[in-house]
Amino acid sequence: MAVHDTRRLQCDWTPVLEVEDLHIRYGAGEQAVRAVRGVSLHIRRGETLGIVGESGCGKSTLAFAIMRYLGAAGRIARGDIRLGGESLLGLSDSQLRGLRGKRLAMVYQDPQTALNPAIIVGEQVAEVYREHERVGRDSAWSRALELFRRVGLPDPERIARRYPHQLSGGQQQRVVIALGLVCSPELLVLDEPTTGLDVTTEATILDLVNDLKREFDSAVLFISHNLGVIAQVCDRVAVMYAGEVVETGTVGALFHQPSHPYTAGLLGCVPRISGGAGARLDAIPGSLPPPHERLPGCTFAPRCQLARAQCVEVRPELTAVSDDHGSRCHFWEETPVLQRRPSAAGAAAPEPTAPAAAAEGAPLLEVRGVSHYYNYRQPSGSRFGRWWQAIWRRRQRPVRAVERVSLRVRSGETVALVGESGCGKSTLGSVVAGLLAPTFGTVAFEGQDISVTVRQRDPALQRHLQMVFQNPEASLNPRHTVGAILGRPLALVSDVQGAAARRRVEALLESVQLNASYYDRYPGQLSGGEKQRVAIARAFAGERKLVICDEPVSALDVSVQAAVLNLLQDLQAEQGTAYLFVSHDLAVVRHLADHIVVMYLGEVMEQGSTEALFRPPCHPYTEALLSAVPVPDPGVKRQHIRLQGPVPSAMDRPRGCPFHTRCPRKLGAICEDTPPPTVAAGDGHTMRCHIPLAELAAYPPVIRSANSGRAGAGPHLPA
């Protein structure tokens, strides 16, 4: 639904959902957590309201309150929640059970926790329909298959008889959406439904949400911290901070004319495809206040560039900026100034050191024709059972995760590996780090062959390599303090101990913008962003020349992500460290990388400088990735390129071009039967495609501004 239709909806339709002055608390007494404070909002039929904000701002608590799933510790202290004019607060448990799934439904962030692993997915959807509509098994099963077709699942009859673990992440999320829509609810709540998905699957799910909203005419509450996603699917937006709604309005007004410093700050944190490498992101300083601590004035005042004495002493009310646009700020008229005011965070990146500037000469890391195969044992399928398989050898089928990949990384350079989940990015990073050994090919570091696992490498050489993992919780020992975690690599690498080690650790903490008080804290006492900073500090303990970053910011809020990306730039500029950066987020890659390698099904489809890959000619796969990137601007126009079908199995690779089974620009038999040649597009830019370069260069740009009268110079936004 277009943004300009919102006002007409407000005149014609009664709200499906009304939340009035809602206050939610956990616990009691002075230590009670006031998770939601005075939230009021409404959603009309056929409308999508987005809720956006950092982790801990109360978004999910609000969603669970609407579903009446707060649990024993949570309680609604004040306010009301009405569905179709009827209050939900006085309903009994049996009445709520009859309501959930029928009139209101929720799609959760992690489909694996929302689906029963012991029941086939078709039965899970059919069971909900039987329970609420009182129909027979055949009718319920037919309804489940109908919903599976509507959400775009291939071969619904086959999918319906599978268990959740037999489906991909995107297929699981489609099943959960079908589960929510099976009874055509009046209100559908989606809590971060695309956070764990790669960019192409995310784009398909967002298209699906828009299509189903129009088809079912439901009201949708869409919760996300991704501003690009919000811009793509929402009609109106409510921005939450520390349990309060600080700004609300149409999606166009909030993205083009934000009237609260927090909204402007969130927009400044987002890396954009239109930006180039080098410029720093305007990260929001500080962090959310502790949940049990609420200041008498504006809760955002400690982090706000506009804060004055009045802000600290007087709590601002939600003030009308215009029709259907409100801001909880004393000085909302000055907010546009923040988008033009230079700040320390938004300044240019520091000049690189001499090693970082050395883009020529011998590479620091050289990967030559590397392949990595996982052995996969397929059972023989004999009806005689396991004892027969124990006698006869099982057939070996290798999973060819990485296939003949070559690349170079020079000192001070950032090379990004991009592609969908399962394309081999992380496997290649693990081979370089020494966690896996290459099946074929060689890996050389400073000219020395390191094509073995880390235990077999020269310790003197290995100390110059380190890895930052996607999930810092899994990579930090919860039983050790931050000081011990950072002190161990120092002791192993440079034999620094005692008081000297503590000083070095405190210096490391300072380098990642954490003070000395973090030395004695445990990982469980840190936020997600703080844990990732500790993981980065550990990677830089010692003289690291190459750091492999495996999706280091994908799970972080935009504000924390901006701070971490700025930190990586600073450390690279100061120490001349090179990065091998694994990511599926092309906006982040555009911001950070010097060189990009696009991978599909374990193979390199395209590689070249960042500037070269963001302008024509583009490989059709790169073009599809660009089309799927959520852009935080509702005025942007883009080509609608969606890849059909799943990624083929790495055990049964297609003949010819590996991408031909999903390529929207496939030529025909030549793509199906003949491997594509590697074609040079100039300045080190190469791609593997049968389509002539001149034809690829003639395609219109993938993304362009709505104000751009012509097709621009490339697939990126005009600067």
# chains A, B, ... in the order shown; residues from 1 in each chain; ligands from 1

$ residues_around --residues "Gly252 (chain A)" --least-positions-apart "2" --cutoff "8 Å" --atoms "only C-alpha atoms" --output "list of chain:residue names"
A:Val3, A:Thr250, A:Leu254, A:Phe255, A:His256, A:Gln257, A:Pro634, A:Gly635

$ write_last_selection --atoms "all heavy atoms" --output "PDB file, in the first residue's frame"
ATOM      1  N   VAL A   3       2.278   4.992   0.577  1.00  0.00           N
ATOM      2  CA  VAL A   3       2.284   5.835   1.768  1.00  0.00           C
ATOM      3  C   VAL A   3       1.204   6.889   1.704  1.00  0.00           C
ATOM      4  O   VAL A   3       0.569   7.212   2.684  1.00  0.00           O
ATOM      5  CB  VAL A   3       3.674   6.489   1.933  1.00  0.00           C
ATOM      6  CG1 VAL A   3       3.661   7.483   3.068  1.00  0.00           C
ATOM      7  CG2 VAL A   3       4.719   5.425   2.163  1.00  0.00           C
ATOM      8  N   THR A 250       4.199   8.946   9.086  1.00  0.00           N
ATOM      9  CA  THR A 250       4.264   8.150   7.864  1.00  0.00           C
ATOM     10  C   THR A 250       5.718   7.811   7.555  1.00  0.00           C
ATOM     11  O   THR A 250       6.641   8.511   7.978  1.00  0.00           O
ATOM     12  CB  THR A 250       3.674   8.920   6.674  1.00  0.00           C
ATOM     13  OG1 THR A 250       4.456  10.086   6.431  1.00  0.00           O
ATOM     14  CG2 THR A 250       2.225   9.322   6.939  1.00  0.00           C
ATOM     15  N   LEU A 254       9.160  10.230   8.239  1.00  0.00           N
ATOM     16  CA  LEU A 254      10.228   9.886   9.173  1.00  0.00           C
ATOM     17  C   LEU A 254      11.570   9.714   8.475  1.00  0.00           C
ATOM     18  O   LEU A 254      12.611  10.045   9.046  1.00  0.00           O
ATOM     19  CB  LEU A 254       9.877   8.617   9.953  1.00  0.00           C
ATOM     20  CG  LEU A 254       9.326   8.888  11.356  1.00  0.00           C
ATOM     21  CD1 LEU A 254       7.886   9.358  11.263  1.00  0.00           C
ATOM     22  CD2 LEU A 254       9.410   7.649  12.217  1.00  0.00           C
ATOM     23  N   PHE A 255      11.568   9.205   7.263  1.00  0.00           N
ATOM     24  CA  PHE A 255      12.838   8.982   6.582  1.00  0.00           C
ATOM     25  C   PHE A 255      13.363  10.240   5.903  1.00  0.00           C
ATOM     26  O   PHE A 255      14.571  10.414   5.770  1.00  0.00           O
ATOM     27  CB  PHE A 255      12.703   7.850   5.562  1.00  0.00           C
ATOM     28  CG  PHE A 255      12.810   6.481   6.174  1.00  0.00           C
ATOM     29  CD1 PHE A 255      11.711   5.870   6.748  1.00  0.00           C
ATOM     30  CD2 PHE A 255      14.021   5.807   6.195  1.00  0.00           C
ATOM     31  CE1 PHE A 255      11.801   4.615   7.318  1.00  0.00           C
ATOM     32  CE2 PHE A 255      14.125   4.556   6.766  1.00  0.00           C
ATOM     33  CZ  PHE A 255      13.015   3.955   7.331  1.00  0.00           C
ATOM     34  N   HIS A 256      12.469  11.122   5.492  1.00  0.00           N
ATOM     35  CA  HIS A 256      12.902  12.321   4.782  1.00  0.00           C
ATOM     36  C   HIS A 256      12.955  13.555   5.674  1.00  0.00           C
ATOM     37  O   HIS A 256      13.743  14.461   5.419  1.00  0.00           O
ATOM     38  CB  HIS A 256      11.977  12.587   3.592  1.00  0.00           C
ATOM     39  CG  HIS A 256      12.051  11.524   2.540  1.00  0.00           C
ATOM     40  ND1 HIS A 256      10.974  11.143   1.773  1.00  0.00           N
ATOM     41  CD2 HIS A 256      13.082  10.736   2.126  1.00  0.00           C
ATOM     42  CE1 HIS A 256      11.341  10.188   0.931  1.00  0.00           C
ATOM     43  NE2 HIS A 256      12.617   9.922   1.135  1.00  0.00           N
ATOM     44  N   GLN A 257      12.127  13.594   6.737  1.00  0.00           N
ATOM     45  CA  GLN A 257      12.096  14.744   7.632  1.00  0.00           C
ATOM     46  C   GLN A 257      11.981  14.284   9.086  1.00  0.00           C
ATOM     47  O   GLN A 257      10.982  14.552   9.750  1.00  0.00           O
ATOM     48  CB  GLN A 257      10.927  15.672   7.274  1.00  0.00           C
ATOM     49  CG  GLN A 257      11.044  16.285   5.893  1.00  0.00           C
ATOM     50  CD  GLN A 257       9.817  17.101   5.530  1.00  0.00           C
ATOM     51  OE1 GLN A 257       8.691  16.752   5.882  1.00  0.00           O
ATOM     52  NE2 GLN A 257      10.029  18.204   4.833  1.00  0.00           N
ATOM     53  N   PRO A 634      12.285   5.288   1.412  1.00  0.00           N
ATOM     54  CA  PRO A 634      11.066   4.829   0.728  1.00  0.00           C
ATOM     55  C   PRO A 634      10.883   5.436  -0.652  1.00  0.00           C
ATOM     56  O   PRO A 634      10.043   4.975  -1.411  1.00  0.00           O
ATOM     57  CB  PRO A 634       9.950   5.283   1.679  1.00  0.00           C
ATOM     58  CG  PRO A 634      10.537   6.394   2.470  1.00  0.00           C
ATOM     59  CD  PRO A 634      12.001   6.089   2.604  1.00  0.00           C
ATOM     60  N   GLY A 635      11.670   6.454  -1.021  1.00  0.00           N
ATOM     61  CA  GLY A 635      11.551   7.069  -2.331  1.00  0.00           C
ATOM     62  C   GLY A 635      12.386   6.420  -3.400  1.00  0.00           C
ATOM     63  O   GLY A 635      12.328   6.819  -4.560  1.00  0.00           O
TER      64      GLY A 635
END

$ select_by_dssp --residues "region 506-573 of chain A" --states "strand (DSSP E or B)" --output "ChimeraX atom specification"
/A:546-550

$ select_by_dssp --residues "region 405-531 of chain A" --states "helix (DSSP H, G or I)" --output "ChimeraX atom specification"
/A:425-433,454-456,459-462,472-475,482-494,498-511,516-520,523-525,528-531

$ atom_distance --atom1 "CA of Gly101 (chain A)" --atom2 "CA of Glu133 (chain A)"
10.6 Å

$ residues_around --residues "Ala535 (chain A)" --least-positions-apart "6" --cutoff "8 Å" --atoms "only C-alpha atoms" --output "compact mmCIF listing (two decimals) with C-alpha atoms, in the first residue's frame"
# COMPACT_ATOMS: atom_id res chain seq x y z
CA VAL A 468 36.39 -12.50 14.57
CA PHE A 469 33.28 -14.67 14.58
CA PRO A 472 30.63 -13.31 20.12
CA SER A 475 33.49 -17.35 20.93
CA LEU A 476 33.96 -15.87 24.45

$ atom_distance --atom1 "CA of Ile43 (chain A)" --atom2 "CA of Val245 (chain A)"
14.9 Å

$ residues_around --residues "region 419-435 of chain A" --least-positions-apart "3" --cutoff "6 Å" --atoms "only C-alpha atoms" --output "PyMOL selection string"
chain A and resi 198+401-402+453-454+584+598-602

$ residues_around --residues "Val482 (chain A)" --least-positions-apart "2" --cutoff "6 Å" --atoms "only C-alpha atoms" --output "PyMOL selection string"
chain A and resi 484-485+519+521-522

$ residues_around --residues "Leu306 (chain A)" --least-positions-apart "2" --cutoff "12 Å" --atoms "only C-alpha atoms" --output "PyMOL selection string"
chain A and resi 260-262+264-265+298+300-304+308-312+329-338+341

$ write_last_selection --atoms "N, CA, C and O atoms" --output "tab-separated table (two decimals), in the first residue's frame"
chain	number	residue	atom	x	y	z
A	260	HIS	N	12.96	13.85	15.53
A	260	HIS	CA	13.53	13.52	16.84
A	260	HIS	C	15.00	13.19	16.65
A	260	HIS	O	15.37	12.49	15.69
A	261	PRO	N	15.88	13.67	17.52
A	261	PRO	CA	17.32	13.40	17.37
A	261	PRO	C	17.65	11.91	17.32
A	261	PRO	O	18.62	11.52	16.66
A	262	TYR	N	16.87	11.07	18.00
A	262	TYR	CA	17.16	9.64	17.99
A	262	TYR	C	16.89	9.05	16.60
A	262	TYR	O	17.68	8.26	16.08
A	264	ALA	N	16.96	10.69	13.75
A	264	ALA	CA	18.04	11.20	12.90
A	264	ALA	C	19.33	10.43	13.15
A	264	ALA	O	20.09	10.13	12.22
A	265	GLY	N	19.58	10.09	14.43
A	265	GLY	CA	20.78	9.32	14.76
A	265	GLY	C	20.76	7.93	14.17
A	265	GLY	O	21.77	7.45	13.65
A	298	CYS	N	14.12	13.81	29.64
A	298	CYS	CA	14.14	13.01	28.42
A	298	CYS	C	15.14	11.87	28.57
A	298	CYS	O	16.31	12.10	28.93
A	300	PHE	N	16.58	10.22	26.35
A	300	PHE	CA	17.62	10.26	25.33
A	300	PHE	C	18.63	11.38	25.56
A	300	PHE	O	19.65	11.47	24.87
A	301	ALA	N	18.38	12.23	26.56
A	301	ALA	CA	19.22	13.41	26.79
A	301	ALA	C	20.71	13.08	26.94
A	301	ALA	O	21.56	13.80	26.39
A	302	PRO	N	21.12	12.00	27.67
A	302	PRO	CA	22.56	11.73	27.82
A	302	PRO	C	23.28	11.44	26.51
A	302	PRO	O	24.50	11.53	26.45
A	303	ARG	N	22.54	11.10	25.43
A	303	ARG	CA	23.17	10.75	24.16
A	303	ARG	C	22.86	11.78	23.06
A	303	ARG	O	23.27	11.60	21.92
A	304	CYS	N	22.13	12.84	23.41
A	304	CYS	CA	21.59	13.76	22.41
A	304	CYS	C	22.50	14.97	22.21
A	304	CYS	O	22.95	15.59	23.18
A	308	ARG	N	19.79	20.09	26.53
A	308	ARG	CA	20.01	21.27	27.35
A	308	ARG	C	19.44	21.00	28.73
A	308	ARG	O	18.93	19.91	29.01
A	309	ALA	N	19.49	21.98	29.59
A	309	ALA	CA	19.03	21.80	30.97
A	309	ALA	C	17.57	21.38	31.00
A	309	ALA	O	17.16	20.53	31.82
A	310	GLN	N	16.75	21.94	30.17
A	310	GLN	CA	15.33	21.59	30.14
A	310	GLN	C	15.13	20.11	29.83
A	310	GLN	O	14.23	19.47	30.37
A	311	CYS	N	15.98	19.57	28.96
A	311	CYS	CA	15.85	18.16	28.57
A	311	CYS	C	16.13	17.24	29.75
A	311	CYS	O	15.52	16.17	29.89
A	312	VAL	N	17.07	17.62	30.61
A	312	VAL	CA	17.44	16.78	31.76
A	312	VAL	C	16.39	16.85	32.85
A	312	VAL	O	16.16	15.88	33.59
A	329	CYS	N	10.13	15.56	21.73
A	329	CYS	CA	11.36	16.34	21.85
A	329	CYS	C	11.01	17.80	22.08
A	329	CYS	O	10.12	18.36	21.42
A	330	HIS	N	11.72	18.45	23.03
A	330	HIS	CA	11.49	19.88	23.30
A	330	HIS	C	11.93	20.74	22.13
A	330	HIS	O	11.38	21.83	21.92
A	331	PHE	N	12.92	20.26	21.37
A	331	PHE	CA	13.51	21.09	20.32
A	331	PHE	C	13.47	20.36	18.98
A	331	PHE	O	14.46	20.34	18.24
A	332	TRP	N	12.31	19.80	18.68
A	332	TRP	CA	12.20	19.00	17.47
A	332	TRP	C	12.43	19.82	16.20
A	332	TRP	O	12.86	19.28	15.18
A	333	GLU	N	12.19	21.13	16.27
A	333	GLU	CA	12.41	21.96	15.08
A	333	GLU	C	13.88	21.99	14.67
A	333	GLU	O	14.20	22.25	13.50
A	334	GLU	N	14.79	21.71	15.61
A	334	GLU	CA	16.22	21.77	15.32
A	334	GLU	C	16.79	20.45	14.83
A	334	GLU	O	17.96	20.38	14.47
A	335	THR	N	15.98	19.40	14.83
A	335	THR	CA	16.49	18.08	14.44
A	335	THR	C	17.08	18.06	13.03
A	335	THR	O	18.13	17.44	12.81
A	336	PRO	N	16.47	18.72	12.02
A	336	PRO	CA	17.10	18.69	10.69
A	336	PRO	C	18.53	19.20	10.68
A	336	PRO	O	19.32	18.82	9.81
A	337	VAL	N	18.89	20.05	11.66
A	337	VAL	CA	20.26	20.57	11.72
A	337	VAL	C	21.25	19.44	11.96
A	337	VAL	O	22.39	19.48	11.48
A	338	LEU	N	20.82	18.40	12.70
A	338	LEU	CA	21.72	17.29	13.02
A	338	LEU	C	22.18	16.57	11.76
A	338	LEU	O	23.30	16.04	11.72
A	341	ARG	N	24.99	18.83	10.44
A	341	ARG	CA	26.08	19.23	11.33
A	341	ARG	C	27.20	18.19	11.30
A	341	ARG	O	26.97	17.01	11.56

$ residues_around --residues "Pro363 (chain A)" --least-positions-apart "3" --cutoff "8 Å" --atoms "only C-alpha atoms" --output "ChimeraX atom specification"
/A:360,366,408-411,446

$ atom_distance --atom1 "CA of Ser142 (chain A)" --atom2 "CA of Asp207 (chain A)"
24.3 Å

$ closest_residue --among "A:Thr414, A:Thr194, A:Asn477, A:Ser451" --to "Ile596 (chain A)" --atoms "only C-alpha atoms"
A:Thr414

$ closest_residue --among "A:Glu603, A:Leu41, A:Pro654, A:Leu626" --to "Cys671 (chain A)" --atoms "only C-alpha atoms"
A:Pro654

$ closest_atom_pairs --of "region 61-144 of chain A" --to "region 151-173 of chain A" --cutoff "12 Å" --atoms "only C-alpha atoms" --output "tab-separated table"
residue	atom	partner	partner_atom	distance
A:Met106	CA	A:Gln173	CA	11.9
A:Val107	CA	A:Gln173	CA	8.3
A:Tyr108	CA	A:Gln173	CA	8.7
A:Gln109	CA	A:Gln173	CA	8.6
A:Asp110	CA	A:Gln173	CA	8.0
A:Pro111	CA	A:Gln173	CA	5.5
A:Gln112	CA	A:Pro164	CA	7.1
A:Thr113	CA	A:Pro164	CA	10.0
A:Ala114	CA	A:Gln172	CA	9.4
A:Leu115	CA	A:Pro164	CA	6.8
A:Asn116	CA	A:Pro164	CA	7.4
A:Pro117	CA	A:Pro164	CA	5.7
A:Ala118	CA	A:Tyr163	CA	7.0
A:Ile119	CA	A:Tyr163	CA	6.2
A:Ile120	CA	A:Tyr163	CA	4.4
A:Val121	CA	A:Ala160	CA	5.4
A:Gly122	CA	A:Ala160	CA	4.0
A:Glu123	CA	A:Ala160	CA	7.4
A:Gln124	CA	A:Ala160	CA	9.2
A:Val125	CA	A:Ala160	CA	9.0
A:Ala126	CA	A:Ala160	CA	9.9
A:Trp141	CA	A:Ala160	CA	9.0
A:Ser142	CA	A:Glu157	CA	9.7
A:Arg143	CA	A:Pro156	CA	11.2
A:Ala144	CA	A:Ala160	CA	7.9

$ write_last_selection --atoms "N, CA and C atoms" --output "PDB file, in the first residue's frame"
ATOM      1  N   MET A 106       0.971 -14.247  15.462  1.00  0.00           N
ATOM      2  CA  MET A 106       2.320 -13.698  15.555  1.00  0.00           C
ATOM      3  C   MET A 106       3.295 -14.568  14.779  1.00  0.00           C
ATOM      4  N   VAL A 107       4.207 -13.923  14.050  1.00  0.00           N
ATOM      5  CA  VAL A 107       5.308 -14.592  13.358  1.00  0.00           C
ATOM      6  C   VAL A 107       6.591 -14.216  14.081  1.00  0.00           C
ATOM      7  N   TYR A 108       7.306 -15.215  14.594  1.00  0.00           N
ATOM      8  CA  TYR A 108       8.457 -14.975  15.452  1.00  0.00           C
ATOM      9  C   TYR A 108       9.743 -14.854  14.644  1.00  0.00           C
ATOM     10  N   GLN A 109      10.778 -14.304  15.317  1.00  0.00           N
ATOM     11  CA  GLN A 109      12.069 -14.079  14.668  1.00  0.00           C
ATOM     12  C   GLN A 109      12.720 -15.381  14.259  1.00  0.00           C
ATOM     13  N   ASP A 110      12.689 -16.381  15.131  1.00  0.00           N
ATOM     14  CA  ASP A 110      13.366 -17.652  14.868  1.00  0.00           C
ATOM     15  C   ASP A 110      12.326 -18.722  14.577  1.00  0.00           C
ATOM     16  N   PRO A 111      12.146 -19.122  13.317  1.00  0.00           N
ATOM     17  CA  PRO A 111      11.118 -20.125  13.013  1.00  0.00           C
ATOM     18  C   PRO A 111      11.399 -21.479  13.640  1.00  0.00           C
ATOM     19  N   GLN A 112      12.659 -21.771  13.938  1.00  0.00           N
ATOM     20  CA  GLN A 112      12.976 -23.067  14.527  1.00  0.00           C
ATOM     21  C   GLN A 112      12.358 -23.221  15.916  1.00  0.00           C
ATOM     22  N   THR A 113      12.257 -22.123  16.660  1.00  0.00           N
ATOM     23  CA  THR A 113      11.639 -22.195  17.986  1.00  0.00           C
ATOM     24  C   THR A 113      10.125 -22.104  17.910  1.00  0.00           C
ATOM     25  N   ALA A 114       9.579 -21.650  16.781  1.00  0.00           N
ATOM     26  CA  ALA A 114       8.128 -21.518  16.639  1.00  0.00           C
ATOM     27  C   ALA A 114       7.488 -22.797  16.103  1.00  0.00           C
ATOM     28  N   LEU A 115       8.285 -23.693  15.527  1.00  0.00           N
ATOM     29  CA  LEU A 115       7.758 -24.929  14.949  1.00  0.00           C
ATOM     30  C   LEU A 115       8.127 -26.122  15.821  1.00  0.00           C
ATOM     31  N   ASN A 116       7.204 -27.054  15.947  1.00  0.00           N
ATOM     32  CA  ASN A 116       7.438 -28.276  16.722  1.00  0.00           C
ATOM     33  C   ASN A 116       8.313 -29.224  15.904  1.00  0.00           C
ATOM     34  N   PRO A 117       9.502 -29.576  16.394  1.00  0.00           N
ATOM     35  CA  PRO A 117      10.408 -30.417  15.587  1.00  0.00           C
ATOM     36  C   PRO A 117       9.921 -31.846  15.405  1.00  0.00           C
ATOM     37  N   ALA A 118       8.919 -32.263  16.181  1.00  0.00           N
ATOM     38  CA  ALA A 118       8.469 -33.657  16.134  1.00  0.00           C
ATOM     39  C   ALA A 118       7.218 -33.850  15.281  1.00  0.00           C
ATOM     40  N   ILE A 119       6.690 -32.793  14.680  1.00  0.00           N
ATOM     41  CA  ILE A 119       5.463 -32.880  13.891  1.00  0.00           C
ATOM     42  C   ILE A 119       5.726 -32.302  12.507  1.00  0.00           C
ATOM     43  N   ILE A 120       5.220 -32.974  11.470  1.00  0.00           N
ATOM     44  CA  ILE A 120       5.398 -32.467  10.112  1.00  0.00           C
ATOM     45  C   ILE A 120       4.709 -31.104   9.994  1.00  0.00           C
ATOM     46  N   VAL A 121       5.254 -30.240   9.135  1.00  0.00           N
ATOM     47  CA  VAL A 121       4.803 -28.849   9.117  1.00  0.00           C
ATOM     48  C   VAL A 121       3.368 -28.718   8.620  1.00  0.00           C
ATOM     49  N   GLY A 122       2.947 -29.577   7.690  1.00  0.00           N
ATOM     50  CA  GLY A 122       1.571 -29.509   7.211  1.00  0.00           C
ATOM     51  C   GLY A 122       0.577 -29.770   8.317  1.00  0.00           C
ATOM     52  N   GLU A 123       0.874 -30.723   9.183  1.00  0.00           N
ATOM     53  CA  GLU A 123      -0.015 -31.037  10.308  1.00  0.00           C
ATOM     54  C   GLU A 123      -0.059 -29.894  11.311  1.00  0.00           C
ATOM     55  N   GLN A 124       1.058 -29.188  11.497  1.00  0.00           N
ATOM     56  CA  GLN A 124       1.068 -28.070  12.439  1.00  0.00           C
ATOM     57  C   GLN A 124       0.133 -26.955  11.982  1.00  0.00           C
ATOM     58  N   VAL A 125       0.109 -26.676  10.678  1.00  0.00           N
ATOM     59  CA  VAL A 125      -0.797 -25.651  10.158  1.00  0.00           C
ATOM     60  C   VAL A 125      -2.238 -26.153  10.179  1.00  0.00           C
ATOM     61  N   ALA A 126      -2.447 -27.401   9.778  1.00  0.00           N
ATOM     62  CA  ALA A 126      -3.799 -27.965   9.751  1.00  0.00           C
ATOM     63  C   ALA A 126      -4.406 -28.021  11.147  1.00  0.00           C
ATOM     64  N   TRP A 141      -6.307 -30.157   6.106  1.00  0.00           N
ATOM     65  CA  TRP A 141      -5.114 -30.450   5.310  1.00  0.00           C
ATOM     66  C   TRP A 141      -5.146 -29.687   3.987  1.00  0.00           C
ATOM     67  N   SER A 142      -6.314 -29.602   3.373  1.00  0.00           N
ATOM     68  CA  SER A 142      -6.440 -28.843   2.127  1.00  0.00           C
ATOM     69  C   SER A 142      -6.140 -27.368   2.361  1.00  0.00           C
ATOM     70  N   ARG A 143      -6.581 -26.838   3.508  1.00  0.00           N
ATOM     71  CA  ARG A 143      -6.303 -25.435   3.825  1.00  0.00           C
ATOM     72  C   ARG A 143      -4.800 -25.206   4.012  1.00  0.00           C
ATOM     73  N   ALA A 144      -4.115 -26.146   4.656  1.00  0.00           N
ATOM     74  CA  ALA A 144      -2.664 -26.033   4.842  1.00  0.00           C
ATOM     75  C   ALA A 144      -1.946 -26.009   3.494  1.00  0.00           C
TER      76      ALA A 144
END

$ decode --residues "region 467-479 of chain A" --atoms "N, CA and C atoms" --output "compact mmCIF listing (two decimals), in the first residue's frame"
# COMPACT_ATOMS: atom_id res chain seq x y z
N MET A 467 40.81 -14.38 13.92
CA MET A 467 39.46 -14.43 13.36
C MET A 467 38.47 -13.80 14.34
N VAL A 468 37.50 -13.04 13.80
CA VAL A 468 36.39 -12.50 14.57
C VAL A 468 35.13 -13.18 14.07
N PHE A 469 34.43 -13.87 14.98
CA PHE A 469 33.28 -14.67 14.58
C PHE A 469 31.99 -13.85 14.64
N GLN A 470 30.96 -14.39 13.96
CA GLN A 470 29.67 -13.71 13.90
C GLN A 470 29.03 -13.60 15.27
N ASN A 471 29.08 -14.65 16.05
CA ASN A 471 28.41 -14.69 17.34
C ASN A 471 29.45 -14.60 18.45
N PRO A 472 29.61 -13.42 19.07
CA PRO A 472 30.63 -13.31 20.12
C PRO A 472 30.32 -14.14 21.35
N GLU A 473 29.04 -14.44 21.59
CA GLU A 473 28.69 -15.24 22.76
C GLU A 473 29.28 -16.64 22.67
N ALA A 474 29.34 -17.17 21.45
CA ALA A 474 29.88 -18.51 21.27
C ALA A 474 31.40 -18.53 21.24
N SER A 475 32.02 -17.38 21.04
CA SER A 475 33.49 -17.35 20.93
C SER A 475 34.17 -16.81 22.19
N LEU A 476 33.40 -16.34 23.18
CA LEU A 476 33.96 -15.87 24.45
C LEU A 476 33.62 -16.86 25.55
N ASN A 477 34.62 -17.28 26.31
CA ASN A 477 34.40 -18.23 27.40
C ASN A 477 33.64 -17.55 28.53
N PRO A 478 32.41 -18.02 28.85
CA PRO A 478 31.61 -17.34 29.87
C PRO A 478 32.18 -17.45 31.28
N ARG A 479 33.13 -18.37 31.49
CA ARG A 479 33.72 -18.57 32.83
C ARG A 479 34.94 -17.69 33.07
